[in-house]
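Let me begin by presenting the structure, written as C-alpha cells, before commenting on it.
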Amino acid sequence: LHDIGKIPLNAVLPSDYLQAIAYSRSKNIPLHEVETKMFELNHSDLGYRIAELWKLSKNLKNTIRFHHNLHSLDSTDQKLVATIALANNVTNRATIGFSGNSCPDNNEEEIFNITGLTWRDVDRAESNAEETIKKAEVFLKIS
C-alpha cells in the first residue's frame, strides 16, 4: 500500500506520468521528487489522501505518507515506516518488480539509525527470501 498513490497518478495522467518516470530515470532523481516538481504533489501525498478516505489505521497512513520522508515523522511508527522504506529501496535497486522508480532514495544510513538494522541484516533477509522463493517454486512447480 505504500505506493498506492501511483495508481491514480498513472490512471489520470498516463502520458505525463510516463514522462515523470522517464525523467526520473534519465536524471537519476527519485521518482517522488520528480512527481512533486511536475504535479505539485507526489504519490505519497495522494496515497495518504486515499488512506484517509479509506479510514486506514494511523500506522498504515504514516507508512504511505512518510516512506520517502522519514525525518518528518515523529511518532511510534517511525521504525515501521523506516523498515518499509528500506524494503522499498532494496527491491527497487534489485529491480524486483517495477514500481516506476529506478532511483530509490539514498537514505539507508538514516533508516539503519532508526531501525537498528545493518547491511548484514539486509543480506541475511535477502538470503532467507531467496530460500523461501525456491521452496515455493518447488511447491508450486514454477520454474
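Identifiers in this document derive from the order of the C-alpha cells: chains are assigned A, B, ..., residues are numbered from 1 separately in each chain, and ligands are numbered from 1 in order of occurrence.
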List the spatial neighbours of Asp3 in chain A as a PyMOL selection string - criterion: any atom at most 7 Å away, only C-alpha atoms, same-chain residues fewer than 6 positions off excluded.
chain A and resi 43-44+47+64
Closest-contact table, range 4-108 of chain A side, partner range 123-140 of chain A, 12 Å, counting only C-alpha atoms, as a Markdown table:
| residue | atom | partner | partner_atom | distance |
| --- | --- | --- | --- | --- |
| A:Leu86 | CA | A:Ala125 | CA | 11.7 |
| A:Ala87 | CA | A:Ala125 | CA | 10.1 |
| A:Val90 | CA | A:Glu126 | CA | 9.2 |
| A:Thr91 | CA | A:Glu126 | CA | 9.9 |
| A:Ala94 | CA | A:Glu126 | CA | 10.3 |
| A:Ile96 | CA | A:Glu126 | CA | 11.7 |
Expected file contents, prior selection, N, CA, C and O atoms, as a compact mmCIF listing (two decimals), in the first residue's frame:
# COMPACT_ATOMS: atom_id res chain seq x y z
N LEU A 86 13.17 0.88 3.75
CA LEU A 86 14.33 0.04 3.42
C LEU A 86 13.93 -1.05 2.44
O LEU A 86 14.64 -1.28 1.44
N ALA A 87 12.82 -1.72 2.69
CA ALA A 87 12.37 -2.77 1.76
C ALA A 87 12.11 -2.18 0.38
O ALA A 87 12.47 -2.79 -0.64
N VAL A 90 15.55 -1.55 -1.28
CA VAL A 90 16.21 -2.80 -1.66
C VAL A 90 15.54 -3.41 -2.89
O VAL A 90 16.21 -3.82 -3.84
N THR A 91 14.21 -3.46 -2.90
CA THR A 91 13.53 -4.07 -4.05
C THR A 91 13.69 -3.22 -5.30
O THR A 91 13.83 -3.78 -6.39
N ALA A 94 17.22 -3.85 -6.60
CA ALA A 94 17.34 -5.22 -7.11
C ALA A 94 16.43 -5.45 -8.31
O ALA A 94 16.40 -6.54 -8.85
N ILE A 96 13.28 -5.81 -8.43
CA ILE A 96 12.24 -6.80 -8.17
C ILE A 96 10.93 -6.11 -8.45
O ILE A 96 10.55 -5.17 -7.76
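Close contacts of Pro30 in chain A, defined as residues with an atom at most 7 Å away when counting only C-alpha atoms, with chain neighbours fewer than 6 positions off set aside, comprise Ser24, Asn101, Cys103, Pro104 and Asp105 of chain A.
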Next, the residues of the selection above should be written as a short mmCIF file (atom, residue, chain, number, x, y, z; two decimals), in the first residue's frame with N, CA, C and O atoms.
data_model
loop_
_atom_site.label_atom_id
_atom_site.label_comp_id
_atom_site.auth_asym_id
_atom_site.auth_seq_id
_atom_site.Cartn_x
_atom_site.Cartn_y
_atom_site.Cartn_z
N SER A 24 12.84 10.81 -14.30
CA SER A 24 13.47 10.29 -13.09
C SER A 24 14.63 9.37 -13.44
O SER A 24 15.72 9.49 -12.88
N ASN A 101 10.14 3.48 -10.16
CA ASN A 101 11.23 4.23 -9.52
C ASN A 101 12.53 3.47 -9.65
O ASN A 101 12.80 2.56 -8.88
N CYS A 103 15.38 4.98 -9.27
CA CYS A 103 16.35 5.76 -8.49
C CYS A 103 15.86 5.91 -7.05
O CYS A 103 15.36 6.96 -6.66
N PRO A 104 16.00 4.86 -6.24
CA PRO A 104 15.49 4.95 -4.87
C PRO A 104 16.24 5.99 -4.05
O PRO A 104 17.34 6.41 -4.39
N ASP A 105 15.61 6.40 -2.96
CA ASP A 105 16.25 7.34 -2.04
C ASP A 105 17.57 6.76 -1.55
O ASP A 105 17.73 5.55 -1.42
#
Asn88 in chain A environment, 12 Å, only C-alpha atoms, sequence neighbours closer than 4 positions dropped, as an MDAnalysis selection string:
chainID A and resid 1:3 63:64 67:68 81:84 92:108 111
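Among the candidate residues A:Thr115, A:Leu13, A:Gly5, A:Gln19, the one lying nearest to Lys61 in chain A is A:Gly5, with distances computed using only C-alpha atoms.
Atom pair CA of Ala51 in chain A / CA of Pro8 in chain A: separated by 12.9 Å.
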Could you tell me, as a VMD selection string, which residues of range 14-128 of chain A DSSP assigns to helix (DSSP H, G or I) when given the backbone?
chain A and resid 14 to 27 31 to 39 43 to 53 58 to 66 70 to 72 78 to 93 108 to 115 119 to 128
Those selected residues, please, written with C-alpha atoms and delivered as a short mmCIF file (atom, residue, chain, number, x, y, z; two decimals), in the first residue's frame.
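New file result.cif:
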data_model
loop_
_atom_site.label_atom_id
_atom_site.label_comp_id
_atom_site.auth_asym_id
_atom_site.auth_seq_id
_atom_site.Cartn_x
_atom_site.Cartn_y
_atom_site.Cartn_z
CA PRO A 14 -0.81 8.40 -18.02
CA SER A 15 1.39 10.19 -20.55
CA ASP A 16 2.58 12.77 -18.01
CA TYR A 17 3.33 10.01 -15.52
CA LEU A 18 5.36 8.10 -18.10
CA GLN A 19 7.30 11.33 -18.72
CA ALA A 20 7.92 11.65 -14.98
CA ILE A 21 9.23 8.08 -14.83
CA ALA A 22 11.47 8.65 -17.87
CA TYR A 23 12.79 11.94 -16.45
CA SER A 24 13.47 10.29 -13.09
CA ARG A 25 15.42 7.53 -14.79
CA SER A 26 17.36 9.79 -17.17
CA LYS A 27 18.36 12.31 -14.48
CA LEU A 31 10.50 9.49 -8.70
CA HIS A 32 8.73 11.15 -5.78
CA GLU A 33 10.91 14.25 -6.27
CA VAL A 34 10.03 14.40 -9.96
CA GLU A 35 6.34 13.90 -9.18
CA THR A 36 6.44 16.84 -6.76
CA LYS A 37 8.21 19.01 -9.33
CA MET A 38 5.81 18.10 -12.15
CA PHE A 39 2.49 17.71 -10.32
CA HIS A 43 2.37 9.52 -4.78
CA SER A 44 2.89 9.66 -1.01
CA ASP A 45 0.69 12.75 -0.71
CA LEU A 46 -2.01 11.26 -2.90
CA GLY A 47 -1.75 7.86 -1.23
CA TYR A 48 -2.21 9.48 2.16
CA ARG A 49 -5.40 11.16 0.93
CA ILE A 50 -6.68 7.78 -0.25
CA ALA A 51 -5.76 6.20 3.09
CA GLU A 52 -7.70 8.93 4.87
CA LEU A 53 -10.77 8.29 2.70
CA LYS A 58 -2.67 5.51 11.65
CA ASN A 59 0.39 3.30 11.14
CA LEU A 60 -0.65 2.46 7.56
CA LYS A 61 -1.38 6.12 6.81
CA ASN A 62 2.04 7.08 8.20
CA THR A 63 3.76 4.39 6.14
CA ILE A 64 2.10 5.65 2.96
CA ARG A 65 2.73 9.32 3.75
CA PHE A 66 6.28 9.24 5.12
CA LEU A 70 11.34 9.76 7.41
CA HIS A 71 12.71 12.86 9.10
CA SER A 72 9.22 14.43 9.06
CA GLN A 78 8.97 5.62 12.73
CA LYS A 79 10.60 2.18 12.97
CA LEU A 80 7.83 0.55 10.91
CA VAL A 81 7.92 3.27 8.25
CA ALA A 82 11.73 3.09 8.07
CA THR A 83 11.55 -0.69 7.62
CA ILE A 84 9.11 -0.28 4.72
CA ALA A 85 11.36 2.42 3.23
CA LEU A 86 14.33 0.04 3.42
CA ALA A 87 12.37 -2.77 1.76
CA ASN A 88 11.29 -0.31 -0.93
CA ASN A 89 14.88 0.76 -1.58
CA VAL A 90 16.21 -2.80 -1.66
CA THR A 91 13.53 -4.07 -4.05
CA ASN A 92 13.93 -1.06 -6.32
CA ARG A 93 17.71 -1.48 -6.50
CA GLU A 108 19.92 3.85 4.24
CA GLU A 109 22.09 5.46 6.94
CA GLU A 110 19.02 7.24 8.33
CA ILE A 111 17.00 4.02 8.06
CA PHE A 112 19.67 1.99 9.85
CA ASN A 113 19.86 4.60 12.63
CA ILE A 114 16.11 4.39 13.14
CA THR A 115 15.71 0.61 12.87
CA TRP A 119 23.52 -4.25 5.68
CA ARG A 120 24.34 -7.66 7.16
CA ASP A 121 20.71 -7.95 8.30
CA VAL A 122 19.55 -6.99 4.81
CA ASP A 123 21.83 -9.60 3.22
CA ARG A 124 20.52 -12.24 5.63
CA ALA A 125 16.91 -11.30 4.86
CA GLU A 126 17.60 -11.48 1.11
CA SER A 127 19.13 -14.92 1.54
CA ASN A 128 16.10 -16.09 3.55
#
